[in-house]
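A.B. asks: Just so it is clear, I am handing over query10.txt, which has compact mmCIF, C-alpha atoms.
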```txt
# COMPACT_ATOMS: atom_id res chain seq x y z
CA MET A 1 34.53 21.30 29.24
CA ALA A 2 33.74 21.26 25.53
CA GLU A 3 30.87 23.39 24.26
CA TYR A 4 29.50 20.59 22.05
CA TYR A 5 29.16 16.82 22.02
CA THR A 6 29.49 15.03 18.69
CA LEU A 7 26.64 12.56 18.23
CA ASN A 8 26.58 9.91 15.52
CA VAL A 9 23.11 8.39 15.15
CA ALA A 10 21.21 6.69 12.31
CA GLY A 11 24.07 7.40 9.90
CA LEU A 12 24.11 11.14 10.67
CA THR A 13 26.38 13.39 12.73
CA ARG A 14 25.15 16.28 14.86
CA GLN A 15 26.85 18.71 17.24
CA LEU A 16 24.83 18.92 20.47
CA PRO A 17 25.30 21.93 22.74
CA ILE A 18 26.39 21.13 26.29
CA CYS A 19 23.96 22.64 28.82
CA SER A 20 24.17 22.89 32.60
CA VAL A 21 21.43 21.06 34.52
CA ASN A 22 22.87 22.03 37.91
CA GLU A 23 26.23 22.73 39.56
CA HIS A 24 27.16 19.04 39.38
CA MET A 25 26.04 17.95 35.92
CA ASP A 26 25.75 18.99 32.28
CA ILE A 27 23.85 17.30 29.47
CA ALA A 28 24.14 17.33 25.70
CA ALA A 29 20.90 18.88 24.43
CA PHE A 30 19.25 16.73 21.77
CA VAL A 31 16.39 18.47 19.97
CA MET A 32 14.86 16.90 16.86
CA PHE A 33 12.50 19.81 16.19
CA SER A 34 13.16 21.26 12.70
CA ASP A 35 15.72 18.56 11.79
CA VAL A 36 13.67 16.60 9.26
CA GLU A 37 16.64 14.59 7.97
CA LEU A 38 17.45 13.39 11.48
CA THR A 39 13.82 12.64 12.32
CA VAL A 40 13.31 10.55 9.17
CA ALA A 41 16.58 8.62 9.65
CA CYS A 42 15.95 7.91 13.34
CA ALA A 43 12.36 6.81 12.70
CA LYS A 44 13.55 4.36 10.05
CA ALA A 45 16.29 2.98 12.31
CA LEU A 46 13.94 2.53 15.27
CA LEU A 47 11.31 0.82 13.12
CA GLU A 48 13.93 -1.72 12.04
CA LYS A 49 14.16 -2.75 15.72
CA ALA A 50 10.50 -2.33 16.69
CA PRO A 51 7.97 -5.11 17.25
CA GLU A 52 4.66 -5.03 15.39
CA CYS A 53 2.27 -2.51 16.88
CA ASP A 54 -1.20 -1.08 16.29
CA VAL A 55 -0.53 2.43 17.59
CA ILE A 56 2.38 4.63 18.68
CA VAL A 57 2.20 6.73 21.85
CA THR A 58 4.53 9.57 22.87
CA ALA A 59 4.71 12.32 25.46
CA GLU A 60 4.27 15.95 24.47
CA SER A 61 6.30 17.53 22.97
CA LYS A 62 9.76 16.54 21.73
CA GLY A 63 8.68 13.01 20.78
CA ILE A 64 5.90 14.23 18.48
CA PRO A 65 7.92 14.58 15.23
CA LEU A 66 9.44 11.13 15.78
CA ALA A 67 6.10 9.46 16.53
CA TYR A 68 4.53 11.14 13.50
CA GLU A 69 7.32 10.02 11.19
CA MET A 70 7.31 6.46 12.51
CA ALA A 71 3.53 6.26 11.96
CA ARG A 72 3.93 7.77 8.48
CA GLN A 73 6.60 5.24 7.54
CA LEU A 74 4.49 2.35 8.83
CA GLY A 75 1.53 3.55 6.72
CA ASN A 76 -1.72 1.55 6.56
CA GLY A 77 -3.61 4.09 8.66
CA MET A 78 -1.17 3.82 11.58
CA ARG A 79 -2.10 6.29 14.32
CA TYR A 80 0.01 8.00 16.90
CA ILE A 81 -1.32 9.44 20.13
CA VAL A 82 0.24 12.26 22.12
CA THR A 83 -0.11 12.40 25.89
CA ARG A 84 -0.58 16.08 26.70
CA LYS A 85 1.03 18.28 29.36
CA MET A 86 -2.24 20.08 30.09
CA PRO A 87 -5.87 19.10 29.74
CA LYS A 88 -7.45 20.56 26.61
CA LEU A 89 -11.00 21.78 26.12
CA TYR A 90 -11.79 18.90 23.76
CA MET A 91 -10.85 16.29 26.38
CA LYS A 92 -13.79 14.50 27.98
CA ASP A 93 -13.06 12.57 31.19
CA PRO A 94 -9.26 12.59 30.69
CA ILE A 95 -6.94 10.41 32.74
CA CYS A 96 -3.83 11.93 34.31
CA VAL A 97 -0.50 10.93 35.89
CA GLU A 98 2.29 13.04 37.41
CA VAL A 99 5.81 13.19 35.95
CA LYS A 100 9.17 14.80 36.85
CA SER A 101 11.67 15.26 34.02
CA ILE A 102 15.41 16.03 34.24
CA THR A 103 14.96 18.94 31.81
CA THR A 104 11.94 20.48 33.55
CA ALA A 105 12.19 22.31 36.88
CA VAL A 106 8.71 21.53 38.21
CA GLN A 107 6.47 18.50 38.64
CA GLN A 108 4.28 18.05 35.57
CA LYS A 109 1.25 16.01 34.63
CA LEU A 110 0.49 14.03 31.49
CA TRP A 111 -3.08 13.77 30.24
CA LEU A 112 -4.86 11.39 27.91
CA ASP A 113 -8.30 12.03 26.45
CA LYS A 114 -10.95 9.38 27.15
CA ASN A 115 -11.54 8.83 23.41
CA GLU A 116 -7.83 8.16 22.90
CA ALA A 117 -7.77 5.95 26.00
CA ASP A 118 -10.72 3.99 24.58
CA TYR A 119 -8.85 3.63 21.27
CA LEU A 120 -5.82 2.16 23.08
CA ARG A 121 -7.85 -0.55 24.84
CA GLY A 122 -6.60 -3.93 23.64
CA LYS A 123 -4.17 -2.42 21.10
CA ARG A 124 -0.48 -3.28 20.76
CA VAL A 125 1.25 -0.05 21.81
CA LEU A 126 4.76 1.12 21.01
CA ILE A 127 5.90 3.93 23.32
CA VAL A 128 8.32 6.34 21.60
CA ASP A 129 10.42 9.25 22.82
CA ASP A 130 13.43 11.25 21.70
CA VAL A 131 15.57 10.73 24.84
CA ILE A 132 15.06 8.55 27.90
CA SER A 133 17.05 9.71 30.90
CA THR A 134 15.51 9.29 34.35
CA GLY A 135 12.63 7.23 32.97
CA GLU A 136 10.03 9.45 34.66
CA SER A 137 8.29 10.47 31.43
CA LEU A 138 8.43 6.88 30.19
CA GLU A 139 6.85 5.66 33.42
CA ALA A 140 4.07 8.27 33.17
CA VAL A 141 3.24 7.29 29.58
CA ARG A 142 3.37 3.62 30.56
CA LYS A 143 0.88 4.25 33.40
CA LEU A 144 -1.48 6.10 31.05
CA VAL A 145 -1.35 3.31 28.46
CA GLU A 146 -1.88 0.62 31.09
CA SER A 147 -4.76 2.60 32.65
CA ALA A 148 -6.36 2.71 29.22
CA GLY A 149 -5.98 -1.06 28.78
CA GLY A 150 -3.32 -0.88 26.07
CA ASN A 151 -0.82 -3.73 25.64
CA ILE A 152 2.71 -2.28 25.61
CA VAL A 153 4.81 -4.27 23.13
CA GLY A 154 7.88 -2.04 23.23
CA GLU A 155 9.41 1.15 24.56
CA CYS A 156 12.05 3.01 22.59
CA ALA A 157 14.00 6.20 22.18
CA VAL A 158 16.56 7.63 19.83
CA LEU A 159 18.94 8.11 22.76
CA ALA A 160 19.39 6.54 26.18
CA GLU A 161 21.00 9.13 28.42
CA GLY A 162 23.28 8.14 31.30
CA ASP A 163 22.34 4.70 32.65
CA ALA A 164 18.87 4.63 31.06
CA GLY A 165 19.92 1.90 28.61
CA LYS A 166 20.83 -0.34 31.55
CA ASN A 167 18.01 0.63 33.89
CA PHE A 168 14.97 0.31 31.65
CA ASN A 169 13.68 -2.34 29.27
CA ILE A 170 13.96 -0.14 26.17
CA PHE A 171 15.56 -0.31 22.79
CA TYR A 172 17.39 2.73 21.47
CA LEU A 173 19.82 3.83 18.79
CA GLU A 174 22.68 5.41 20.75
CA HIS A 175 23.92 6.14 24.25
CA LEU A 176 24.18 9.79 25.35
CA PRO A 177 26.62 10.42 28.20
CA LEU A 178 26.07 12.70 31.16
CA PHE A 179 28.84 15.15 31.98
CA PHE A 180 29.73 15.45 35.66
CA LYS A 181 31.61 18.46 37.00
```
Using structure tokens, write down the structure from this file.
C.D. replies:
Amino acid sequence: MAEYYTLNVAGLTRQLPICSVNEHMDIAAFVMFSDVELTVACAKALLEKAPECDVIVTAESKGIPLAYEMARQLGNGMRYIVTRKMPKLYMKDPICVEVKSITTAVQQKLWLDKNEADYLRGKRVLIVDDVISTGESLEAVRKLVESAGGNIVGECAVLAEGDAGKNFNIFYLEHLPLFFK
């Protein structure tokens, strides 16, 4: 098996390291952290496909740079909200849902502060992430937004891994294969 997968996305090329998930499957690790050029290009390309929205929501943590950059490019006071992996001291009456991710060994929870939940009520929400694979994180964010009374107008990711592009109603920039042993 090759050590790297060549990804072409948003007019850029990146070499993604191949990492073992288990004895049966490997994935190409896509990490936008510290790659400003990639983040800016992917945000622009996703916004070209995105419906109008009032706020962007993402899950902590790898979607944060993308959500920030999309909000920055939209301008006009656009906000982005991050669902958190742990409750924070500043959170008053947070809402919570459980999530299981392909890249995380244990069951996790996502949290949303009541003030942020109140802000989402009645707003057109665009859910954003770096990669959608099993759809578990997407489903958790969706549940939080719906619990808050937000109106989801779109769900997107830079990459749809495996069958995610077929299995979920998302728009994305490129497909990312899974590597079976």
A.B. asks: Restricting the calculation to all atoms listed in the file: of A:Arg142, A:Lys85, A:Lys62, A:Arg72, which residue gets closest to Leu126 of chain A?
C.D. replies: A:Arg142
A.B. asks: Please write out, as lines of an AutoDock Vina configuration file, where the centre of an axis-aligned box around all listed atoms of segment 145-162 of chain A lies and how long its edges are, in Å to one decimal, after adding 8 Å on each side.
C.D. replies:
```
center_x = 8.5
center_y = 2.4
center_z = 26.2
size_x = 45.6
size_y = 29.4
size_z = 28.8
```
A.B. asks: Using all atoms listed in the file, which of A:Cys19, A:Leu112, A:Ala45, A:Ile27 sits nearest Gly162 of chain A?
C.D. replies: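 Of the candidates, the smallest distance to Gly162 of chain A is held by A:Ile27.
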A.B. asks: Quick one: residues within 6 Å of Tyr80 of chain A, all atoms listed in the file, excluding same-chain residues fewer than 2 positions away - as number ranges by chain?
C.D. replies: A: 55-57
A.B. asks: Would you kindly return, as a PyMOL selection string, each protein, DNA or RNA residue with an atom no farther than 10 Å from any atom of Met32 of chain A, considering all atoms listed in the file and excluding same-chain residues fewer than 5 positions away?
C.D. replies: chain A and resi 37-39+42+62-66+130+158
A.B. asks: Would you mind telling me which residue in A:Pro17, A:Gly165, A:Gly122, A:Gly75 lies nearest to Ala148 of chain A when using all atoms listed in the file?
C.D. replies: A:Gly122
A.B. asks: Tell me, in Å to one decimal, how far atom CA of Ser133 of chain A is from atom CA of Met78 of chain A.
C.D. replies: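 Straight-line distance from atom CA of Ser133 of chain A to atom CA of Met78 of chain A works out to 27.2 Å.
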A.B. asks: Just give me the residues with any atom within 12 Å of (-8.0, 9.7, 31.5), file coordinates, counting only C-alpha atoms, written as a ChimeraX atom specification.
C.D. replies: /A:83-84,86-88,91-97,109-120,141,143-149
A.B. asks: For Gly154 of chain A, which residue among A:Val9, A:Ile81, A:Cys53, A:Leu89 is the nearest when counting all atoms listed in the file?
C.D. replies: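 Of A:Val9, A:Ile81, A:Cys53, A:Leu89, the one nearest Gly154 of chain A, counting all atoms listed in the file, is A:Cys53.
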A.B. asks: What is the distance, in Å and to one decimal place, between atom CA of Tyr172 of chain A and atom CA of Leu159 of chain A?
C.D. replies: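 Taking atom CA of Tyr172 of chain A and atom CA of Leu159 of chain A, their separation equals 5.7 Å.
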A.B. asks: Using all atoms listed in the file, which residues sit within 7 Å of Asp54 of chain A once same-chain residues fewer than 4 positions away are excluded, as a VMD selection string?
C.D. replies: chain A and resid 78 123 to 125
A.B. asks: Do you have the atom CA of Lys44 of chain A-atom CA of Val153 of chain A distance handy?
C.D. replies: 17.9 Å
